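Asks: mmCIF, C-alpha atoms and all ligand atoms, file work15.cif:
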data_entry
#
loop_
_atom_site.label_atom_id
_atom_site.label_comp_id
_atom_site.auth_asym_id
_atom_site.auth_seq_id
_atom_site.Cartn_x
_atom_site.Cartn_y
_atom_site.Cartn_z
CA MET A 1 21.04 7.84 -8.61
CA ILE A 2 17.65 7.41 -10.23
CA TYR A 3 15.12 6.24 -7.66
CA LEU A 4 12.65 3.68 -8.98
CA ASP A 5 11.62 2.06 -5.69
CA ASN A 6 8.70 4.29 -4.76
CA SER A 7 6.45 1.46 -3.59
CA ALA A 8 8.97 0.74 -0.84
CA THR A 9 8.97 4.38 0.17
CA THR A 10 8.99 7.84 -1.42
CA ARG A 11 11.24 10.82 -0.88
CA PRO A 12 9.55 13.22 1.57
CA ASP A 13 8.54 16.36 -0.29
CA PRO A 14 10.67 19.36 0.82
CA GLN A 15 7.45 21.21 1.72
CA VAL A 16 6.50 18.29 3.98
CA VAL A 17 9.90 18.41 5.67
CA GLU A 18 9.37 22.13 6.25
CA VAL A 19 5.97 21.54 7.89
CA VAL A 20 7.36 18.76 10.13
CA LYS A 21 10.19 21.07 11.25
CA LYS A 22 7.87 24.01 11.86
CA THR A 23 5.47 21.86 13.89
CA MET A 24 8.31 20.52 16.03
CA GLU A 25 9.56 24.03 16.69
CA ARG A 26 6.28 25.87 17.20
CA TYR A 27 3.59 23.40 18.15
CA TYR A 28 5.32 21.27 20.72
CA GLY A 29 2.44 21.45 23.17
CA ASN A 30 0.48 18.30 23.94
CA PRO A 31 -2.89 18.57 22.16
CA SER A 32 -4.55 17.33 25.37
CA SER A 33 -3.08 20.16 27.51
CA LEU A 34 -5.46 22.90 28.55
CA HIS A 35 -3.03 25.84 28.21
CA GLN A 36 -2.49 27.89 25.07
CA LEU A 37 0.35 25.73 23.67
CA GLY A 38 -1.89 22.69 24.00
CA VAL A 39 -4.81 24.49 22.37
CA ASP A 40 -2.59 25.58 19.48
CA ALA A 41 -1.35 22.02 19.00
CA GLU A 42 -4.92 20.74 19.08
CA LYS A 43 -5.87 23.17 16.33
CA VAL A 44 -3.07 21.78 14.14
CA LEU A 45 -4.29 18.26 14.89
CA ASN A 46 -7.89 19.15 14.04
CA GLN A 47 -6.83 20.77 10.79
CA ALA A 48 -4.87 17.64 9.78
CA ARG A 49 -7.90 15.52 10.64
CA LEU A 50 -10.12 17.69 8.48
CA ILE A 51 -7.76 17.46 5.50
CA SER A 52 -7.54 13.67 5.90
CA ALA A 53 -11.32 13.36 6.17
CA GLN A 54 -11.84 15.46 3.03
CA ALA A 55 -9.41 13.25 1.11
CA LEU A 56 -11.23 10.10 2.22
CA ARG A 57 -14.70 11.67 1.91
CA CYS A 58 -15.54 10.80 5.52
CA LYS A 59 -16.22 12.61 8.79
CA PRO A 60 -13.25 13.96 10.81
CA GLY A 61 -14.35 11.69 13.67
CA GLU A 62 -13.81 8.68 11.42
CA ILE A 63 -10.08 9.39 11.07
CA ILE A 64 -7.70 7.63 13.46
CA PHE A 65 -4.05 8.62 13.22
CA THR A 66 -1.66 5.68 13.55
CA SER A 67 2.03 4.95 13.08
CA GLY A 68 1.50 3.77 9.49
CA GLY A 69 0.17 0.98 7.32
CA THR A 70 1.30 -1.88 9.53
CA GLU A 71 -0.39 -0.45 12.58
CA SER A 72 -3.57 0.49 10.71
CA ASN A 73 -3.87 -3.06 9.36
CA ASN A 74 -3.19 -4.65 12.76
CA ALA A 75 -5.58 -2.30 14.54
CA ALA A 76 -8.32 -3.00 11.99
CA ILE A 77 -8.02 -6.78 11.77
CA LYS A 78 -7.26 -7.60 15.41
CA GLY A 79 -9.63 -4.87 16.55
CA VAL A 80 -12.53 -6.49 14.64
CA ALA A 81 -11.50 -10.05 15.56
CA PHE A 82 -11.42 -9.31 19.28
CA GLN A 83 -14.50 -7.10 19.28
CA TYR A 84 -16.82 -9.34 17.28
CA GLN A 85 -15.57 -12.84 18.12
CA SER A 86 -18.82 -13.68 19.91
CA ARG A 87 -20.56 -13.35 16.50
CA GLY A 88 -18.12 -15.66 14.75
CA LYS A 89 -14.43 -16.36 14.25
CA HIS A 90 -14.14 -16.57 10.47
CA ILE A 91 -12.09 -14.11 8.40
CA VAL A 92 -11.75 -13.86 4.61
CA THR A 93 -8.59 -12.46 3.03
CA SER A 94 -6.39 -13.25 0.01
CA GLU A 95 -3.18 -15.09 -0.69
CA VAL A 96 -1.51 -11.93 -1.99
CA GLU A 97 -1.92 -9.55 0.95
CA HIS A 98 1.00 -7.61 2.38
CA PRO A 99 2.52 -9.33 5.46
CA ALA A 100 0.90 -6.61 7.60
CA VAL A 101 -2.40 -8.34 6.79
CA TYR A 102 -1.34 -11.87 5.90
CA ASP A 103 0.81 -12.48 8.97
CA VAL A 104 -1.82 -10.89 11.23
CA CYS A 105 -4.30 -13.45 9.89
CA ARG A 106 -1.78 -16.24 10.51
CA GLN A 107 -1.40 -14.97 14.07
CA LEU A 108 -5.18 -14.96 14.54
CA GLU A 109 -5.34 -18.57 13.29
CA ALA A 110 -2.94 -19.51 16.06
CA TRP A 111 -5.32 -17.77 18.46
CA GLY A 112 -8.34 -19.84 17.38
CA PHE A 113 -9.75 -17.92 14.42
CA THR A 114 -10.36 -19.53 11.01
CA VAL A 115 -9.10 -17.75 7.91
CA THR A 116 -9.98 -18.34 4.24
CA TYR A 117 -7.13 -17.19 1.97
CA LEU A 118 -8.69 -16.53 -1.44
CA PRO A 119 -6.70 -17.63 -4.48
CA VAL A 120 -5.85 -15.22 -7.32
CA ASP A 121 -5.67 -15.52 -11.11
CA HIS A 122 -2.49 -15.20 -13.23
CA GLN A 123 -2.57 -11.44 -12.79
CA GLY A 124 -2.89 -11.65 -9.02
CA ARG A 125 -6.57 -10.77 -9.01
CA VAL A 126 -9.17 -12.04 -6.54
CA SER A 127 -12.58 -12.90 -8.01
CA LEU A 128 -15.85 -11.61 -6.63
CA GLU A 129 -17.31 -15.09 -7.08
CA ASP A 130 -14.67 -16.53 -4.73
CA VAL A 131 -15.47 -13.85 -2.14
CA LYS A 132 -19.17 -14.74 -2.38
CA LYS A 133 -18.42 -18.46 -1.97
CA ALA A 134 -16.14 -17.89 1.02
CA ILE A 135 -18.72 -16.06 3.14
CA ARG A 136 -20.19 -18.16 5.96
CA PRO A 137 -22.65 -17.44 8.78
CA ASP A 138 -19.70 -16.99 11.16
CA THR A 139 -17.73 -14.58 8.91
CA ILE A 140 -16.97 -11.34 10.77
CA LEU A 141 -14.38 -9.71 8.52
CA VAL A 142 -13.30 -9.49 4.87
CA SER A 143 -9.88 -7.87 4.37
CA ILE A 144 -8.69 -7.33 0.79
CA MET A 145 -6.02 -4.90 -0.40
CA HIS A 146 -6.78 -2.32 -3.10
CA VAL A 147 -3.48 -2.34 -5.02
CA ASN A 148 -0.98 -5.16 -4.67
CA ASN A 149 2.44 -3.85 -3.65
CA GLU A 150 4.42 -6.37 -5.70
CA LEU A 151 2.42 -6.55 -8.93
CA GLY A 152 0.29 -3.42 -9.00
CA THR A 153 -2.83 -5.54 -9.51
CA ILE A 154 -6.03 -3.67 -8.66
CA GLN A 155 -8.53 -5.76 -6.72
CA PRO A 156 -12.29 -5.46 -7.38
CA ILE A 157 -12.79 -3.57 -4.11
CA ARG A 158 -15.83 -1.68 -5.27
CA GLU A 159 -17.64 -4.86 -6.40
CA ILE A 160 -16.74 -6.69 -3.18
CA GLY A 161 -17.95 -3.74 -1.11
CA GLU A 162 -21.22 -3.56 -3.06
CA HIS A 163 -21.78 -7.28 -2.44
CA LEU A 164 -20.98 -6.98 1.27
CA LYS A 165 -23.61 -4.27 1.71
CA ALA A 166 -26.07 -7.18 1.91
CA PHE A 167 -24.14 -8.48 4.97
CA PRO A 168 -24.19 -5.59 7.45
CA LYS A 169 -22.59 -7.71 10.18
CA ILE A 170 -19.47 -8.41 8.11
CA VAL A 171 -16.84 -5.69 8.44
CA PHE A 172 -14.97 -4.82 5.21
CA HIS A 173 -11.35 -3.69 5.60
CA VAL A 174 -9.23 -2.44 2.70
CA ASP A 175 -5.45 -1.98 2.78
CA ALA A 176 -5.20 1.08 0.56
CA VAL A 177 -1.54 1.79 1.33
CA GLN A 178 -0.52 1.45 -2.34
CA SER A 179 -3.58 3.09 -3.85
CA PHE A 180 -4.19 6.22 -1.80
CA GLY A 181 -3.19 9.21 -3.93
CA LYS A 182 -2.80 7.06 -7.04
CA LEU A 183 -6.32 5.80 -7.71
CA GLU A 184 -9.80 7.04 -7.07
CA LEU A 185 -11.02 5.96 -3.61
CA ARG A 186 -14.58 6.33 -2.36
CA PRO A 187 -14.64 4.29 0.85
CA LYS A 188 -18.18 5.10 1.99
CA GLU A 189 -19.80 4.73 -1.43
CA TRP A 190 -18.01 1.43 -1.97
CA GLY A 191 -19.15 -0.03 1.35
CA ILE A 192 -15.72 0.05 3.02
CA ASP A 193 -15.81 0.09 6.83
CA LEU A 194 -12.09 0.29 7.60
CA LEU A 195 -9.29 1.57 5.38
CA SER A 196 -5.51 1.77 5.91
CA VAL A 197 -3.23 4.52 4.57
CA SER A 198 0.49 5.19 5.07
CA ALA A 199 2.08 8.62 4.57
CA HIS A 200 5.55 7.57 3.45
CA LYS A 201 4.10 6.07 0.26
CA PHE A 202 3.02 9.52 -0.98
CA HIS A 203 5.96 11.77 -0.10
CA GLY A 204 4.90 12.19 3.53
CA PRO A 205 6.88 11.34 6.67
CA ARG A 206 7.74 7.80 7.77
CA GLY A 207 5.88 6.28 10.73
CA VAL A 208 2.49 7.93 10.35
CA GLY A 209 -0.73 6.80 8.74
CA ILE A 210 -4.49 6.71 8.93
CA LEU A 211 -7.06 4.13 9.83
CA MET A 212 -10.42 5.28 8.53
CA LYS A 213 -13.11 3.73 10.74
CA ARG A 214 -16.70 4.09 9.69
CA GLU A 215 -19.02 5.41 12.38
CA GLY A 216 -20.80 2.48 14.03
CA ILE A 217 -17.85 0.08 13.86
CA THR A 218 -16.27 -0.68 17.23
CA LEU A 219 -12.68 -1.89 17.51
CA GLN A 220 -10.96 -3.42 20.49
CA PRO A 221 -7.95 -1.11 20.80
CA LEU A 222 -4.47 -2.56 20.33
CA LEU A 223 -3.08 0.10 22.63
CA ALA A 224 -4.82 0.99 25.87
CA GLY A 225 -3.83 4.19 27.63
CA GLY A 226 -4.75 7.85 27.62
CA GLY A 227 -7.73 7.43 25.27
CA GLN A 228 -6.50 9.59 22.38
CA GLU A 229 -7.98 9.07 18.88
CA GLY A 230 -11.41 8.20 20.23
CA GLY A 231 -9.92 5.59 22.52
CA VAL A 232 -8.90 3.43 19.56
CA ARG A 233 -5.25 4.51 19.56
CA SER A 234 -3.91 5.79 22.83
CA GLY A 235 -0.63 7.68 22.99
CA THR A 236 0.29 11.35 22.65
CA GLU A 237 -0.29 12.26 19.02
CA ASN A 238 2.78 12.48 16.77
CA LEU A 239 1.84 15.98 15.68
CA PRO A 240 4.87 16.80 13.48
CA ALA A 241 4.36 13.63 11.45
CA ILE A 242 0.57 14.05 11.34
CA SER A 243 0.82 17.64 10.09
CA GLY A 244 3.50 16.55 7.59
CA MET A 245 1.12 13.88 6.31
CA ALA A 246 -1.66 16.47 5.97
CA LYS A 247 0.71 18.60 3.87
CA ALA A 248 1.52 15.57 1.70
CA ILE A 249 -2.23 15.02 1.17
CA ARG A 250 -2.67 18.66 0.17
CA LEU A 251 0.18 18.34 -2.32
CA LEU A 252 -1.54 15.30 -3.86
CA ASP A 253 -4.65 17.36 -4.41
CA GLU A 254 -2.87 20.29 -6.01
CA ALA A 255 -1.72 18.52 -9.14
CA ALA A 256 -3.75 15.32 -8.91
CA GLU A 257 -5.06 15.02 -12.46
CA GLN A 258 -1.88 16.10 -14.17
CA GLN A 259 0.25 13.85 -11.97
CA ARG A 260 -1.96 10.86 -12.56
CA SER A 261 -1.94 11.19 -16.32
CA SER A 262 1.84 11.65 -16.54
CA LEU A 263 2.40 8.65 -14.25
CA THR A 264 0.06 6.55 -16.39
CA ALA A 265 1.81 7.62 -19.60
CA MET A 266 5.29 6.77 -18.20
CA HIS A 267 4.01 3.45 -16.88
CA GLU A 268 2.47 2.48 -20.22
CA TRP A 269 5.64 3.42 -22.06
CA LEU A 270 7.83 1.40 -19.69
CA LYS A 271 5.52 -1.61 -19.93
CA ARG A 272 5.72 -1.60 -23.73
CA GLU A 273 9.52 -1.20 -23.73
CA ILE A 274 10.15 -3.95 -21.19
CA GLN A 275 8.03 -6.41 -23.14
CA GLN A 276 10.24 -5.77 -26.16
CA ILE A 277 13.47 -6.66 -24.39
CA PRO A 278 14.46 -10.25 -25.25
CA GLY A 279 14.11 -12.53 -22.23
CA CYS A 280 11.94 -10.13 -20.18
CA VAL A 281 8.48 -11.29 -19.19
CA LEU A 282 5.88 -9.04 -17.65
CA ASN A 283 4.48 -10.15 -14.29
CA SER A 284 2.23 -7.14 -13.68
CA PRO A 285 -1.17 -7.15 -15.37
CA ALA A 286 -0.84 -6.35 -19.08
CA GLU A 287 -3.93 -4.13 -18.80
CA GLY A 288 -5.62 -2.33 -15.94
CA GLY A 289 -2.84 -2.34 -13.31
CA ALA A 290 -1.93 0.51 -10.97
CA PRO A 291 -0.03 3.34 -12.68
CA HIS A 292 3.11 3.16 -10.55
CA ILE A 293 4.16 -0.50 -10.21
CA LEU A 294 5.76 -2.65 -12.89
CA ASN A 295 7.01 -6.12 -12.13
CA PHE A 296 8.90 -8.25 -14.64
CA SER A 297 11.18 -11.28 -14.65
CA VAL A 298 14.21 -12.32 -16.63
CA PRO A 299 14.10 -16.09 -16.10
CA GLY A 300 17.62 -17.43 -15.64
CA VAL A 301 18.95 -14.17 -14.18
CA LYS A 302 18.58 -13.99 -10.39
CA SER A 303 16.79 -10.86 -9.19
CA GLU A 304 19.55 -9.88 -6.77
CA VAL A 305 22.20 -10.08 -9.49
CA LEU A 306 20.24 -7.86 -11.86
CA LEU A 307 19.30 -5.46 -9.06
CA HIS A 308 22.94 -4.89 -8.12
CA THR A 309 24.02 -4.60 -11.76
CA LEU A 310 21.40 -1.89 -12.24
CA GLU A 311 22.47 -0.23 -9.00
CA GLU A 312 26.05 0.00 -10.26
CA LYS A 313 24.64 1.90 -13.22
CA GLY A 314 22.75 4.26 -10.90
CA PHE A 315 19.23 2.80 -10.88
CA LEU A 316 17.52 1.77 -7.66
CA VAL A 317 14.83 -0.87 -8.09
CA SER A 318 13.65 -3.65 -5.86
CA THR A 319 13.23 -7.38 -5.75
CA LYS A 320 10.53 -9.08 -3.80
CA SER A 321 11.68 -12.51 -4.83
CA ALA A 322 13.40 -13.44 -1.61
CA CYS A 323 11.72 -13.01 1.72
CA SER A 324 14.16 -11.74 4.27
CA SER A 325 14.19 -14.77 6.53
CA LYS A 326 14.51 -17.58 3.99
CA ALA A 327 17.13 -17.09 1.30
CA ASN A 328 16.13 -18.41 -2.10
CA GLU A 329 12.44 -18.58 -1.22
CA PRO A 330 10.34 -17.08 -4.01
CA SER A 331 7.73 -14.44 -3.25
CA ARG A 332 4.48 -15.85 -1.84
CA VAL A 333 2.57 -13.29 -3.91
CA LEU A 334 4.20 -14.22 -7.22
CA MET A 335 3.85 -17.94 -6.54
CA ALA A 336 0.14 -17.41 -5.79
CA THR A 337 -0.33 -16.27 -9.41
CA GLY A 338 0.78 -19.72 -10.54
CA MET A 339 4.14 -18.73 -12.01
CA ASP A 340 7.08 -21.13 -11.80
CA ARG A 341 9.86 -20.82 -9.24
CA GLU A 342 12.52 -19.68 -11.69
CA ARG A 343 10.41 -16.82 -12.96
CA ALA A 344 9.46 -15.81 -9.41
CA LEU A 345 13.11 -15.87 -8.33
CA SER A 346 14.09 -13.54 -11.15
CA SER A 347 11.55 -10.78 -10.60
CA ILE A 348 12.30 -7.08 -10.47
CA ARG A 349 9.89 -4.38 -9.33
CA VAL A 350 10.14 -0.88 -10.74
CA SER A 351 7.93 1.63 -8.97
CA LEU A 352 7.37 5.23 -9.98
CA SER A 353 6.31 8.46 -8.36
CA ARG A 354 5.46 11.97 -9.48
CA GLU A 355 9.13 12.84 -9.14
CA ASN A 356 10.22 10.53 -11.97
CA ARG A 357 10.66 11.78 -15.51
CA GLN A 358 10.28 10.06 -18.88
CA GLN A 359 13.96 10.67 -19.64
CA GLU A 360 14.94 8.68 -16.52
CA LEU A 361 12.91 5.75 -17.73
CA GLU A 362 14.55 5.93 -21.15
CA GLN A 363 17.94 5.79 -19.42
CA PHE A 364 16.72 2.90 -17.29
CA VAL A 365 15.60 0.84 -20.29
CA ALA A 366 18.98 1.40 -21.98
CA ALA A 367 20.77 0.35 -18.77
CA LEU A 368 18.56 -2.73 -18.45
CA ARG A 369 19.28 -3.80 -22.03
CA ASP A 370 22.98 -3.27 -21.50
CA SER A 371 23.02 -5.10 -18.13
CA LEU A 372 21.24 -8.10 -19.61
CA ASP A 373 23.63 -8.26 -22.59
CA ARG A 374 26.61 -8.22 -20.22
CA LEU A 375 25.12 -10.76 -17.80
CA ARG A 376 24.23 -13.09 -20.66
CA ALA A 377 27.72 -12.82 -22.14
CA TYR A 378 29.21 -13.51 -18.70
CA MET A 379 26.88 -16.44 -18.05
CA ASN A 380 27.29 -17.70 -21.61
CA VAL A 381 23.54 -17.87 -22.26
C1 LIG A 401 0.15 -2.85 0.68
C2 LIG A 401 0.92 -2.45 1.89
N1 LIG A 401 0.36 -2.55 3.10
C3 LIG A 401 1.00 -2.19 4.22
C4 LIG A 401 2.29 -1.69 4.18
C5 LIG A 401 2.98 -1.31 5.46
O1 LIG A 401 2.99 0.08 5.62
P1 LIG A 401 4.03 0.79 6.63
O2 LIG A 401 5.37 0.69 6.02
O3 LIG A 401 3.55 2.20 6.73
O4 LIG A 401 3.92 0.08 7.93
C6 LIG A 401 2.93 -1.57 2.94
C7 LIG A 401 4.33 -1.09 2.87
O5 LIG A 401 5.13 -1.58 2.10
C8 LIG A 401 2.23 -1.95 1.77
O6 LIG A 401 2.79 -1.85 0.57
#
Can the structure from this file be put into structure tokens for me?
Ligand SMILES: Cc1ncc(COP(=O)(O)O)c(C=O)c1O
Replies:
Amino acid sequence: MIYLDNSATTRPDPQVVEVVKKTMERYYGNPSSLHQLGVDAEKVLNQARLISAQALRCKPGEIIFTSGGTESNNAAIKGVAFQYQSRGKHIVTSEVEHPAVYDVCRQLEAWGFTVTYLPVDHQGRVSLEDVKKAIRPDTILVSIMHVNNELGTIQPIREIGEHLKAFPKIVFHVDAVQSFGKLELRPKEWGIDLLSVSAHKFHGPRGVGILMKREGITLQPLLAGGGQEGGVRSGTENLPAISGMAKAIRLLDEAAEQQRSSLTAMHEWLKREIQQIPGCVLNSPAEGGAPHILNFSVPGVKSEVLLHTLEEKGFLVSTKSACSSKANEPSRVLMATGMDRERALSSIRVSLSRENRQQELEQFVAALRDSLDRLRAYMNV
């Protein structure tokens, strides 16, 4: 099987698995315990915090370990909404956010908050002008993702952050789940107050992530309890997963430049090839998208049919065309770009990681061409 669904999740690196196992076996003390096992576990926790802080260019005290991207987003958005609601109840986000942001905003609307969902252009990009126009005196939060998980579109986070520096009372949250480890990220410099990261997107363990919280921002905690993680995220720390994530971050650093350039080269090659296949249309940005996500459609061929045909040939890709609850509903994100229903219902997402090789992509393109020929012959189109 050739795995091309790395935006859904990545294979944990064997070195990460080793660290998780070792931590479970050796450092099973509770980091809050006063005896030696607890002290040893706390050292491992502190080390992981330091590595995370270095990667995000922030202070160790600004790192909150969570159970992943969904929790980081919920903790950030609800935490700000509940903490600062006396200042105002208006939130700005976009129409193309991941459900872990979008549905949280919907929930907050039901609880009396007002949300502006910014539109996007044909490439799925939010405009700075629209952000500027959306800001009101009662705006307390702007939450915009860095890289879109369906299209790979990169949002103008830096420009938005620069603009928001003039509004110190507005908190800026960025869902960086798809960009961390793939693109340059300078949260502090770019005026980002809160930033979400998830380890399983970069060969780390499932169910662990980071919420970077700039000093000076207060969040109402989602989870009350023992007061771990500066009181923002109570619960005994998941040390094996946290230390596994720290290892995954270290591995990103080791070959960062080389990995990034080979990913970009494979992505560019695949983009060119796909555009040459009759009937395939590119949904991802033609220029300037993230180096690991490529979304295309074959109008007339349902995503699920093509996905399973490719699977039979040994290639695992994904479709975001149907949301799980409503069959035959096209993706909200793709529809927000203004594309028609048929194109949105026939979309396929290929997502790469450092583990993929050019040869695999060459095999994939051959399999795609062959699958489409067969499907067309079968469907008589
Ligand atoms: C952009 C984005 N945000 C948030 C999440 C949720 O992260 P997790 O699976 O760690 O909860 C994902 C995962 O698909 C994502 O792609």
Asks: Can I get the residues close to ligand LIG 401 (chain A) as a list in words, where close means within 6 Å and we count only C-alpha atoms and all ligand atoms?
Replies: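 Based on only C-alpha atoms and all ligand atoms, ligand LIG 401 (chain A) is surrounded within 6 Å by Ala8, Gly68, Gly69, Thr70, His98, Ala100, Asn148, Asn149, Asp175, Val177, Gln178 and Ser198 of chain A.
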Asks: Need the shell around Met379 of chain A: protein/DNA/RNA residues with any atom at most 12 Å away, counting only C-alpha atoms. Skip same-chain ones fewer than 2 positions apart. Format as a VMD selection string?
Replies: chain A and resid 300 to 302 305 371 to 377 381
Asks: Pick out the closest residue to Met339 of chain A from this set: A:Arg214, A:Lys59, A:Arg49, A:His122. Count all atoms listed in the file.
Replies: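 Answer, going by the shortest atom-to-atom distance: A:His122.
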Asks: Output as JSON the centre and edge lengths (Å, one decimal) of the box along x, y and z of the file that holds every listed atom of segment 150-168 of chain A after adding 5 Å on each side.
Replies:
{"center_x": -10.8, "center_y": -5.1, "center_z": -1.0, "size_x": 40.5, "size_y": 16.8, "size_z": 27.0}
Asks: Extract, using all atoms listed in the file, all DNA, RNA and protein residues at most 9 Å from Gln123 of chain A, discarding same-chain residues fewer than 5 positions from it, and format them as a short mmCIF file (atom, residue, chain, number, x, y, z; two decimals) with C-alpha atoms, in the coordinates of the input.
Replies:
data_model
loop_
_atom_site.label_atom_id
_atom_site.label_comp_id
_atom_site.auth_asym_id
_atom_site.auth_seq_id
_atom_site.Cartn_x
_atom_site.Cartn_y
_atom_site.Cartn_z
CA LEU A 151 2.42 -6.55 -8.93
CA THR A 153 -2.83 -5.54 -9.51
CA ASN A 283 4.48 -10.15 -14.29
CA SER A 284 2.23 -7.14 -13.68
CA PRO A 285 -1.17 -7.15 -15.37
CA ALA A 286 -0.84 -6.35 -19.08
CA THR A 337 -0.33 -16.27 -9.41
#
Asks: Could you tell me how far atom CA of Gly191 of chain A lies from atom CA of Val232 of chain A, in Å and to one decimal?
Replies: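 Separation between atom CA of Gly191 of chain A and atom CA of Val232 of chain A: 21.2 Å.
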Asks: When distances are computed from only C-alpha atoms, which of A:Val96, A:Ala224, A:Val20, A:Ala81 shows the smallest separation from Gly338 of chain A?
Replies: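 Under the stated criterion, the closest residue is A:Val96.
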Asks: Determine, counting only C-alpha atoms, which protein, DNA and RNA residues have an atom within 9 Å of an atom of Ile157 of chain A; residues of the same chain fewer than 5 positions away are not included. Present the result as a PyMOL selection string.
Replies: chain A and resi 128+144-146+162+174+190+192
Asks: Which residue gives the smallest distance to Glu362 of chain A among A:Ala166, A:Ala241, A:Ile274, A:Ala53, with only C-alpha atoms counted?
Replies: A:Ile274
Asks: Give the answer as one residue: which of A:Ala134, A:Leu37, A:Leu108, A:Leu294 has the shortest atom-to-atom distance to Glu25 of chain A, using only C-alpha atoms?
Replies: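 Using only C-alpha atoms, Glu25 of chain A sits closest to A:Leu37.
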Asks: Contacts of Ile64 of chain A at 9 Å or less, counting all atoms listed in the file, minus same-chain residues fewer than 3 places along, as JSON, numbers by chain?
Replies: {"A": [49, 60, 61, 72, 209, 210, 211, 212, 213, 229, 230, 232, 233]}
Asks: With all atoms listed in the file as the atoms that count, which of A:Pro187, A:Pro330, A:Gly227, A:Gly181 lies nearest to Cys58 of chain A?
Replies: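 Of the candidates, the smallest distance to Cys58 of chain A is held by A:Pro187.
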Asks: Taking into account only C-alpha atoms, which residue in the set A:Ser243, A:Leu4, A:Gly207, A:Gly288 is nearest to Ile348 of chain A?
Replies: A:Leu4
Asks: Starting from the point (-16.9, -20.8, -2.0), work out which residues of protein, DNA or RNA have an atom no more than 12 Å away when counting only C-alpha atoms; state them as a PyMOL selection string.
Replies: chain A and resi 92+116-119+127-136
Asks: Excluding Gln359 of chain A and any residue of its chain fewer than 5 positions from it, enumerate the residues within 12 Å of it, using only C-alpha atoms, and give them as a ChimeraX atom specification.
Replies: /A:2,266,269-270,364-366
Asks: Work out how far atom CA of Leu263 of chain A is from atom CA of Ser143 of chain A, in Å to one decimal.
Replies: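 Between atom CA of Ser143 of chain A and atom CA of Leu263 of chain A the gap is 27.8 Å.
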Asks: Kindly output segment 9-13 of chain A as a PDB file, keeping the file's coordinate frame, after building all heavy atoms.
Replies:
ATOM      1  N   THR A   9       9.198   3.099  -0.504  1.00  0.00           N
ATOM      2  CA  THR A   9       8.970   4.380   0.170  1.00  0.00           C
ATOM      3  C   THR A   9       9.271   5.503  -0.819  1.00  0.00           C
ATOM      4  O   THR A   9       9.954   5.284  -1.822  1.00  0.00           O
ATOM      5  CB  THR A   9       9.841   4.525   1.440  1.00  0.00           C
ATOM      6  OG1 THR A   9       9.310   5.573   2.255  1.00  0.00           O
ATOM      7  CG2 THR A   9      11.309   4.812   1.139  1.00  0.00           C
ATOM      8  N   THR A  10       8.749   6.693  -0.529  1.00  0.00           N
ATOM      9  CA  THR A  10       8.990   7.840  -1.420  1.00  0.00           C
ATOM     10  C   THR A  10       9.844   8.876  -0.691  1.00  0.00           C
ATOM     11  O   THR A  10       9.900   8.882   0.544  1.00  0.00           O
ATOM     12  CB  THR A  10       7.661   8.508  -1.813  1.00  0.00           C
ATOM     13  OG1 THR A  10       6.934   8.771  -0.609  1.00  0.00           O
ATOM     14  CG2 THR A  10       6.848   7.647  -2.735  1.00  0.00           C
ATOM     15  N   ARG A  11      10.461   9.735  -1.483  1.00  0.00           N
ATOM     16  CA  ARG A  11      11.240  10.820  -0.880  1.00  0.00           C
ATOM     17  C   ARG A  11      10.262  11.828  -0.261  1.00  0.00           C
ATOM     18  O   ARG A  11       9.309  12.248  -0.934  1.00  0.00           O
ATOM     19  CB  ARG A  11      12.044  11.513  -1.987  1.00  0.00           C
ATOM     20  CG  ARG A  11      13.035  12.534  -1.486  1.00  0.00           C
ATOM     21  CD  ARG A  11      13.826  13.080  -2.653  1.00  0.00           C
ATOM     22  NE  ARG A  11      13.054  14.065  -3.422  1.00  0.00           N
ATOM     23  CZ  ARG A  11      13.198  15.370  -3.322  1.00  0.00           C
ATOM     24  NH1 ARG A  11      14.095  15.872  -2.504  1.00  0.00           N
ATOM     25  NH2 ARG A  11      12.472  16.182  -4.053  1.00  0.00           N
ATOM     26  N   PRO A  12      10.468  12.211   1.010  1.00  0.00           N
ATOM     27  CA  PRO A  12       9.550  13.220   1.570  1.00  0.00           C
ATOM     28  C   PRO A  12       9.662  14.514   0.770  1.00  0.00           C
ATOM     29  O   PRO A  12      10.776  14.949   0.446  1.00  0.00           O
ATOM     30  CB  PRO A  12      10.050  13.418   3.001  1.00  0.00           C
ATOM     31  CG  PRO A  12      11.001  12.319   3.278  1.00  0.00           C
ATOM     32  CD  PRO A  12      11.515  11.817   1.958  1.00  0.00           C
ATOM     33  N   ASP A  13       8.537  15.103   0.432  1.00  0.00           N
ATOM     34  CA  ASP A  13       8.540  16.360  -0.290  1.00  0.00           C
ATOM     35  C   ASP A  13       9.184  17.444   0.585  1.00  0.00           C
ATOM     36  O   ASP A  13       8.907  17.501   1.793  1.00  0.00           O
ATOM     37  CB  ASP A  13       7.092  16.752  -0.626  1.00  0.00           C
ATOM     38  CG  ASP A  13       7.022  17.897  -1.610  1.00  0.00           C
ATOM     39  OD1 ASP A  13       7.282  19.057  -1.203  1.00  0.00           O
ATOM     40  OD2 ASP A  13       6.717  17.629  -2.782  1.00  0.00           O
TER      41      ASP A  13
END
